[in-house]
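> Just passing along the structure, written as structure tokens.
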Amino acid sequence: MAEEEEIKKLIGVIRKFKPGAKLKHYIGYAQFPSFKSLEPSTRIDFDFPLTALVGPNGVGKSSVLHALWGMPYGQSTSKFWFETELDPIVGTQRYFYSYWHEPFDGFVESRKARVGTKKADYWEPARLSIPDGMKPLPAGEFVGKAKDRWNPVRRDVVYINLKTSFGSFDRFFYFDDDVKADARREVMLQEARRLRSVVEQDKQSYILGNRERIFVNRELTQDEVAAVSAILGRTYDSARYIEHALYPGRRGKDISVIFRRGASYSEAFAGSGELTAVNAVVQILGAPEYSLILLDEPETSLHPGAQRALLKFLLEQIKLKGHQVVISTHSMDFLEGLPHSAIKVFESNGAGQTRVLPSSSPNSALVRLGKPPINKKRVLVEDPMAALLIERAIDSLDPGDVQSLEIKVAPGGADAILRYLGPAAMTSGDDVYVFLDGDQRKVGDFTDPHTIAPVAHAQLGALLKGETGVDPMFHIPGGQGGAAHEAAKVQAQLNYLTWLRARVAYLPGVVPEETFLKALNPAGAYDNLTAAKAKAALREMLAKNVDVTASELVTLAKVAVAGIPQGHENLAAIRQRIGLWLHGAPV
């Protein structure tokens, strides 16, 4: 199965997971009455086990990851955010969140607030606060329920900041200012000799300067090597992972990796993406079941294909171990295919604060970052009047959604769209949708192909003709006649019914002109108009008995359409359908 199909299948499986059996201790939402630069009472719902936080730099994505880090029992956001004389913390900073409580068999809310003193800066569990928007405590005795609060969720947290993922060589060579540049070569040669002896002799201890210098020294497991190979798209024979402090100074832990792919080489000669992949894989595969995994900019140093492969790896781990994953990203490759409710867009509210949009398409999210939309959704219509009406309807949508759409008049009208363009788009996989005039509707809904028994397959041609008014032209393999040809034809017909159900809709009224008439002159009598009469009536309204060409009439309509109120029911119906196409839900 191709990687994109595997990602799609994994997302389909995971969408069915529910808090509880599959997702223990799951965090349902987080709300921030007062937290950094977020708008007061900003709420983020975690509707899917993998949530992507998207937005420009400096709007609070990492801050939310830091809050999530501090939510479970024993954790504190002060690890990442604490007061200094340069950056005082003003006001009572706090947040609360819901998590699935197994004995209670439902979501409960827990709150943490910052406690700052001259000697300490930490976050502690706090009592329930109705003014902050929390729900009252339920009656009854439950494990983890105190008199005035629910205790924090108990779960492991893994925080991986790929922006700071450096190997020991790079960290010493580029960031260690304690050693003069001309002396670094000698230091690195000396430490390489020590590291080689550690590797070759499989040393689990190395005392230097009365300090232990080896913390981890092991071969990556077969699963780890396989995961790194899959993410990077190349096959590794093996790799050794070492956490050490062999370089001079009190530096804490450095990471070295010895890769074997034919020849052996260390992280000093590896690409930065190789170390990124190892770092992520080691920590994620080492995470216990039902962990909360936080990744800050996982696209760092990874090419687009590796990013998609890492997304697939994360989805696989969610499926296998019930993890909850939250990432901060600027990359389309981590967004494409996710449910739109899993994509949270962070943006300025124009008043120095950040608001969070609860749902977004990948294109819309990145348009807000200033990236031109890719893979626009094309909406085909019969004529310019329909195009004007749809363009007016979407004016009030999110700017990112608007830029993700392309309204196109198809030559040949409804007949050409349904007979030729629809089957071609279905075959090519183009992201095409269709809005036809209301007078083209033959049935209330296209038939669900799953309800058609095999004995009725011989009548599929007649069924399609009855529901579309045309004989669709399919490119069918297998030659003329014969069993293979007939089977391919039946499959194409069934697929086309699926395509029609998902991608074809009808404008309100008989023709677009009817909406113009009723919206611009509500007092007029325009019920039960035929298509021809509606067109003639709009021409008379706009041209006022002046003889105009078709293109001139469209120009007049372009001016007039601005007078149709955005609240008009027909525009609302158009937006609802567009919302289903963009997000899988009305807007």
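Going by the structure tokens order, chains are called A, B, ..., each with residues numbered from 1, while ligands are numbered from 1 in the order shown.
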Which polymer residues have any atom within 12 Å of an atom of Ile130 of chain A, counting only C-alpha atoms, with same-chain residues fewer than 5 positions away left out, as an mmCIF file with C-alpha atoms, in the first residue's frame?

data_model
loop_
_atom_site.group_PDB
_atom_site.id
_atom_site.type_symbol
_atom_site.label_atom_id
_atom_site.label_comp_id
_atom_site.auth_asym_id
_atom_site.auth_seq_id
_atom_site.Cartn_x
_atom_site.Cartn_y
_atom_site.Cartn_z
ATOM 1 C CA PRO A 33 -8.394 32.065 31.623
ATOM 2 C CA PHE A 96 -7.525 24.177 33.419
ATOM 3 C CA GLU A 109 -11.564 19.126 34.954
ATOM 4 C CA ARG A 111 -6.748 23.304 37.239
ATOM 5 C CA LYS A 135 -17.931 22.938 35.951
ATOM 6 C CA PRO A 136 -19.098 22.167 39.509
ATOM 7 C CA LEU A 137 -17.743 19.020 41.130
ATOM 8 C CA ASP A 148 -12.497 21.175 46.100
ATOM 9 C CA ARG A 149 -10.824 19.778 42.985
#
> What's around segment 233-245 of chain A at 7 Å? Count only C-alpha atoms, leave out sequence neighbours fewer than 5 positions away in its own chain, and write the answer as a ChimeraX atom specification.
/A:213-220,225,251-261
> Keeping only N, CA and C atoms, take the residues you just selected and write them out as a short mmCIF file (atom, residue, chain, number, x, y, z; two decimals), in the first residue's frame.

data_model
loop_
_atom_site.label_atom_id
_atom_site.label_comp_id
_atom_site.auth_asym_id
_atom_site.auth_seq_id
_atom_site.Cartn_x
_atom_site.Cartn_y
_atom_site.Cartn_z
N ARG A 213 30.78 9.91 32.76
CA ARG A 213 30.65 10.58 31.46
C ARG A 213 29.81 9.79 30.45
N ILE A 214 29.41 8.57 30.78
CA ILE A 214 28.58 7.77 29.88
C ILE A 214 27.23 7.53 30.57
N PHE A 215 26.17 7.90 29.90
CA PHE A 215 24.82 7.75 30.46
C PHE A 215 24.02 6.67 29.72
N VAL A 216 24.18 6.61 28.42
CA VAL A 216 23.55 5.56 27.61
C VAL A 216 24.55 5.17 26.54
N ASN A 217 24.72 3.87 26.33
CA ASN A 217 25.58 3.38 25.25
C ASN A 217 24.98 2.05 24.79
N ARG A 218 24.28 2.08 23.68
CA ARG A 218 23.60 0.87 23.24
C ARG A 218 23.36 0.89 21.74
N GLU A 219 23.14 -0.27 21.19
CA GLU A 219 22.71 -0.40 19.81
C GLU A 219 21.22 -0.06 19.73
N LEU A 220 20.82 0.63 18.68
CA LEU A 220 19.40 0.81 18.46
C LEU A 220 18.75 -0.55 18.21
N VAL A 225 15.79 1.00 14.35
CA VAL A 225 16.49 1.13 13.07
C VAL A 225 15.50 1.13 11.91
N ARG A 251 28.71 20.21 30.66
CA ARG A 251 27.79 20.48 29.56
C ARG A 251 26.49 19.71 29.67
N GLY A 252 26.36 18.81 30.64
CA GLY A 252 25.20 17.95 30.63
C GLY A 252 25.39 16.84 29.62
N LYS A 253 24.31 16.40 28.98
CA LYS A 253 24.38 15.26 28.08
C LYS A 253 24.52 15.71 26.63
N ASP A 254 25.46 15.09 25.92
CA ASP A 254 25.57 15.20 24.48
C ASP A 254 25.08 13.90 23.86
N ILE A 255 24.74 13.97 22.60
CA ILE A 255 24.28 12.78 21.88
C ILE A 255 25.21 12.51 20.71
N SER A 256 25.67 11.29 20.62
CA SER A 256 26.41 10.84 19.45
C SER A 256 25.72 9.60 18.89
N VAL A 257 25.73 9.48 17.58
CA VAL A 257 25.15 8.31 16.91
C VAL A 257 26.15 7.81 15.89
N ILE A 258 26.45 6.53 15.96
CA ILE A 258 27.33 5.90 14.97
C ILE A 258 26.44 5.11 14.00
N PHE A 259 26.31 5.60 12.78
CA PHE A 259 25.47 4.95 11.78
C PHE A 259 26.28 3.93 11.00
N ARG A 260 25.63 2.85 10.61
CA ARG A 260 26.27 1.86 9.73
C ARG A 260 25.34 1.62 8.55
N ARG A 261 25.82 2.06 7.42
CA ARG A 261 25.08 1.88 6.16
C ARG A 261 26.12 1.59 5.09
#
> So that I can check the surroundings of Thr427 of chain A, please list as an MDAnalysis selection string every protein, DNA and RNA residue that reaches within 10 Å of it, counting only C-alpha atoms and ignoring chain neighbours fewer than 6 positions away.
chainID A and resid 421 474:475 492 495:496
> Write out, as an mmCIF file, in the first residue's frame, the residues just selected, with C-alpha atoms.

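This went into selection.cif:
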data_model
loop_
_atom_site.group_PDB
_atom_site.id
_atom_site.type_symbol
_atom_site.label_atom_id
_atom_site.label_comp_id
_atom_site.auth_asym_id
_atom_site.auth_seq_id
_atom_site.Cartn_x
_atom_site.Cartn_y
_atom_site.Cartn_z
ATOM 1 C CA LEU A 421 -15.463 16.800 -17.021
ATOM 2 C CA PHE A 474 -15.647 6.852 -19.075
ATOM 3 C CA HIS A 475 -12.176 5.754 -20.137
ATOM 4 C CA ALA A 492 -16.506 3.131 -13.213
ATOM 5 C CA ASN A 495 -17.321 5.061 -8.637
ATOM 6 C CA TYR A 496 -19.034 7.886 -10.486
#
> I want to know what sits within 8 Å of Val561 of chain A, based on only C-alpha atoms, with residues of the same chain fewer than 5 positions away left out; could you give that as a PDB file with C-alpha atoms, in the first residue's frame?

ATOM      1  CA  LEU A 388     -20.891  35.737  -9.228  1.00  0.00           C
ATOM      2  CA  LEU A 389     -23.409  34.318  -6.774  1.00  0.00           C
ATOM      3  CA  ARG A 392     -20.579  36.729  -3.170  1.00  0.00           C
ATOM      4  CA  PHE A 516     -30.637  37.922  -7.701  1.00  0.00           C
TER       5      PHE A 516
END
